[in-house]
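File shown: entry-v4.cif. Contents: mmCIF, C-alpha atoms.
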data_query
#
loop_
_atom_site.group_PDB
_atom_site.id
_atom_site.type_symbol
_atom_site.label_atom_id
_atom_site.label_comp_id
_atom_site.auth_asym_id
_atom_site.auth_seq_id
_atom_site.Cartn_x
_atom_site.Cartn_y
_atom_site.Cartn_z
ATOM 1 C CA MET A 28 98.734 175.341 206.148
ATOM 2 C CA GLU A 29 97.730 172.782 203.527
ATOM 3 C CA ASN A 30 99.637 172.627 200.264
ATOM 4 C CA LEU A 31 97.602 174.521 197.661
ATOM 5 C CA ASN A 32 99.172 172.477 194.855
ATOM 6 C CA TYR A 33 96.910 169.602 195.888
ATOM 7 C CA LYS A 34 93.759 171.748 195.831
ATOM 8 C CA MET A 35 94.463 173.769 192.700
ATOM 9 C CA GLY A 36 94.686 172.063 189.382
ATOM 10 C CA TRP A 37 93.247 171.451 185.955
ATOM 11 C CA LEU A 38 89.890 170.176 184.782
ATOM 12 C CA LEU A 39 90.536 168.085 181.689
ATOM 13 C CA VAL A 40 87.775 167.530 179.137
ATOM 14 C CA PHE A 41 88.057 164.705 176.598
ATOM 15 C CA PHE A 42 85.397 164.370 173.931
ATOM 16 C CA ASP A 43 84.310 162.400 170.908
ATOM 17 C CA LEU A 44 81.665 164.123 168.841
ATOM 18 C CA PRO A 45 80.296 162.913 165.515
ATOM 19 C CA THR A 46 80.901 165.139 162.486
ATOM 20 C CA THR A 47 79.117 163.209 159.740
ATOM 21 C CA THR A 48 76.099 165.473 159.157
ATOM 22 C CA PRO A 49 75.918 169.265 158.908
ATOM 23 C CA GLU A 50 74.028 169.305 162.230
ATOM 24 C CA ASP A 51 76.776 167.190 163.864
ATOM 25 C CA LYS A 52 79.421 169.601 162.581
ATOM 26 C CA LYS A 53 77.464 172.566 163.913
ATOM 27 C CA ASN A 54 77.147 170.866 167.324
ATOM 28 C CA TYR A 55 80.901 170.158 167.341
ATOM 29 C CA VAL A 56 81.817 173.758 166.514
ATOM 30 C CA THR A 57 79.360 175.100 169.106
ATOM 31 C CA PHE A 58 80.652 172.763 171.834
ATOM 32 C CA ARG A 59 84.292 173.607 171.096
ATOM 33 C CA ARG A 60 83.579 177.346 170.967
ATOM 34 C CA GLN A 61 81.759 177.193 174.311
ATOM 35 C CA LEU A 62 84.784 175.492 175.878
ATOM 36 C CA LEU A 63 87.101 178.199 174.569
ATOM 37 C CA ASP A 64 84.723 180.967 175.703
ATOM 38 C CA ASP A 65 84.687 179.409 179.188
ATOM 39 C CA GLY A 66 88.472 179.640 179.509
ATOM 40 C CA TYR A 67 89.591 176.191 178.345
ATOM 41 C CA LEU A 68 92.847 175.742 176.474
ATOM 42 C CA MET A 69 93.291 173.198 173.709
ATOM 43 C CA ILE A 70 95.898 170.630 174.772
ATOM 44 C CA GLN A 71 95.396 168.301 171.806
ATOM 45 C CA PHE A 72 92.545 167.692 169.397
ATOM 46 C CA SER A 73 89.482 166.858 171.509
ATOM 47 C CA VAL A 74 91.417 167.410 174.773
ATOM 48 C CA TYR A 75 90.918 170.704 176.587
ATOM 49 C CA ALA A 76 92.004 171.918 180.030
ATOM 50 C CA ARG A 77 90.968 174.697 182.358
ATOM 51 C CA PRO A 78 92.645 175.794 185.589
ATOM 52 C CA CYS A 79 90.454 175.591 188.697
ATOM 53 C CA VAL A 80 91.371 176.954 192.122
ATOM 54 C CA THR A 81 88.666 175.383 194.288
ATOM 55 C CA HIS A 82 86.482 172.298 194.367
ATOM 56 C CA SER A 83 83.366 174.436 193.892
ATOM 57 C CA ARG A 84 84.836 175.838 190.649
ATOM 58 C CA ILE A 85 85.387 172.278 189.413
ATOM 59 C CA LEU A 86 81.749 171.421 190.136
ATOM 60 C CA THR A 87 80.554 174.614 188.437
ATOM 61 C CA HIS A 88 82.484 173.846 185.262
ATOM 62 C CA MET A 89 81.384 170.211 185.227
ATOM 63 C CA ARG A 90 77.737 171.359 185.452
ATOM 64 C CA ARG A 91 78.350 173.683 182.501
ATOM 65 C CA ILE A 92 79.908 170.856 180.483
ATOM 66 C CA LYS A 93 76.972 168.569 181.253
ATOM 67 C CA GLN A 94 74.543 171.206 179.942
ATOM 68 C CA ILE A 95 76.311 171.684 176.594
ATOM 69 C CA VAL A 96 77.052 168.068 175.607
ATOM 70 C CA PRO A 97 75.635 167.451 172.102
ATOM 71 C CA PRO A 98 72.974 164.708 171.871
ATOM 72 C CA ASP A 99 75.271 162.151 170.213
ATOM 73 C CA GLY A 100 78.477 163.224 171.969
ATOM 74 C CA SER A 101 80.667 161.469 174.502
ATOM 75 C CA VAL A 102 82.461 163.709 177.007
ATOM 76 C CA ARG A 103 84.695 162.814 179.948
ATOM 77 C CA CYS A 104 86.034 165.150 182.634
ATOM 78 C CA MET A 105 88.963 164.526 184.948
ATOM 79 C CA PHE A 106 90.605 166.729 187.545
ATOM 80 C CA VAL A 107 94.368 166.628 188.055
ATOM 81 C CA THR A 108 96.200 168.571 190.738
ATOM 82 C CA ASN A 109 98.999 171.005 189.996
ATOM 83 C CA ILE A 110 101.483 168.419 191.271
ATOM 84 C CA GLN A 111 100.150 165.802 188.840
ATOM 85 C CA TRP A 112 100.073 168.337 185.983
ATOM 86 C CA ASP A 113 103.698 169.289 186.602
ATOM 87 C CA LYS A 114 104.734 165.622 186.468
ATOM 88 C CA MET A 115 103.240 165.160 183.004
ATOM 89 C CA TYR A 116 105.611 163.804 180.367
ATOM 90 C CA ILE A 117 105.335 165.402 176.954
ATOM 91 C CA PHE A 118 107.050 164.030 173.875
ATOM 92 C CA HIS A 119 107.276 165.892 170.579
ATOM 93 C CA GLY A 120 108.327 164.827 167.137
ATOM 94 C CA LYS A 121 111.051 166.782 165.373
ATOM 95 C CA SER A 122 108.567 168.923 163.455
ATOM 96 C CA GLN A 123 106.481 169.779 166.544
ATOM 97 C CA PRO A 124 107.873 172.643 168.683
ATOM 98 C CA PRO A 125 107.458 172.221 172.463
ATOM 99 C CA ARG A 126 104.614 174.242 173.965
ATOM 100 C CA GLU A 127 104.352 174.699 177.720
ATOM 101 C CA ILE A 128 101.014 175.369 179.378
ATOM 102 C CA SER A 129 101.173 176.591 182.963
ATOM 103 C CA MET A 130 98.768 177.956 185.546
ATOM 104 C CA PRO A 131 97.741 181.514 184.546
ATOM 105 C CA GLU A 132 99.401 184.260 186.592
ATOM 106 C CA GLN A 133 96.172 185.592 188.107
ATOM 107 C CA LEU A 134 95.649 182.217 189.812
ATOM 108 C CA LEU A 135 99.055 182.298 191.461
ATOM 109 C CA PHE A 136 97.688 184.561 194.207
ATOM 110 C CA TRP A 137 95.520 181.706 195.514
#

Represent the structure contained in this file as structure tokens.
Amino acid sequence: MENLNYKMGWLLVFFDLPTTTPEDKKNYVTFRRQLLDDGYLMIQFSVYARPCVTHSRILTHMRRIKQIVPPDGSVRCMFVTNIQWDKMYIFHGKSQPPREISMPEQLLFW
């Protein structure tokens, strides 16, 4: 049986969106809200992640992202496996409490 940790993982979304005009700000808020409504978690400002259990789910979410990119926005997507995610190094300053983000429990059945 193949190791599921190499098939399951996280779709990371990195974006730069302009916020100089009221329309730009509205597009930014709409884009961010759509990510959150689709199950993404904020990792850092302009960096969001969503767990995916199959390759078809990754493709589905990338199609959704492509459809909602604002006209003047720049968005990048990257998939990392569970193994790669677990090997991430996270450094915090003294005033920043550590926050761990792990695969949601309902996905552990896969």

Item to check | Matched chain/residue IDs from the PyMOL selection byres ((chain A and resi 85-102) around 6), as a PyMOL selection string | outcome: chain A and resi 41-44+82-84+103

Checklist outcome for this item: atom CA of A:Phe106 to atom CA of A:Leu39 measures 6.0 Å

Next on the checklist: Suppose a student applies the PyMOL selection byres ((chain A and resi 74) around 8) to this structure; what residues should they get, written as an MDAnalysis selection string?
Outcome noted: chainID A and resid 39:42 69:73 75:76

Go ahead and write the selection's residues with C-alpha atoms as a compact mmCIF listing (two decimals), in the frame of the given file.
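That gives us part39.txt:
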# COMPACT_ATOMS: atom_id res chain seq x y z
CA LEU A 39 90.54 168.08 181.69
CA VAL A 40 87.78 167.53 179.14
CA PHE A 41 88.06 164.70 176.60
CA PHE A 42 85.40 164.37 173.93
CA MET A 69 93.29 173.20 173.71
CA ILE A 70 95.90 170.63 174.77
CA GLN A 71 95.40 168.30 171.81
CA PHE A 72 92.54 167.69 169.40
CA SER A 73 89.48 166.86 171.51
CA TYR A 75 90.92 170.70 176.59
CA ALA A 76 92.00 171.92 180.03

Item to check | For atom CA of A:Pro78 and atom CA of A:Gly36, the interatomic separation in Å (one decimal) | outcome: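 About the pair atom CA of A:Pro78 and atom CA of A:Gly36: they are 5.7 Å apart.
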
Item to check | Residue with smallest distance to A:Arg77 - pool A:Phe58, A:Lys121, A:Lys114, A:Met105, counting all atoms listed in the file | outcome: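 Nearest candidate to A:Arg77 out of A:Phe58, A:Lys121, A:Lys114, A:Met105: A:Met105.
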
Item to check | Atom pair atom CA of A:Gln61 / atom CA of A:Gln123: separation (Å) | outcome: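 Atom CA of A:Gln123 lies 27.0 Å from atom CA of A:Gln61.
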
Checklist entry - Which one is closest to A:Leu38: A:Met115, A:Val80, A:Val56, A:Cys104? Count all atoms listed in the file. => result A:Cys104

Enclose stretch 40-44 of chain A, meaning all of its atoms listed in the file, in a box aligned along x, y and z, pad it by 8 Å on each side, and list the centre and edge lengths in Å to one decimal, as lines of an AutoDock Vina configuration file.
center_x = 84.9
center_y = 165.0
center_z = 174.0
size_x = 22.4
size_y = 21.1
size_z = 26.3

Next on the checklist: For a quick check of understanding, using all atoms listed in the file, which of A:Gln111, A:Gly120, A:Cys79, A:Asp51 has the smallest distance to A:Gly66?
Outcome noted: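 Among the listed residues, the smallest separation from A:Gly66 belongs to A:Cys79.
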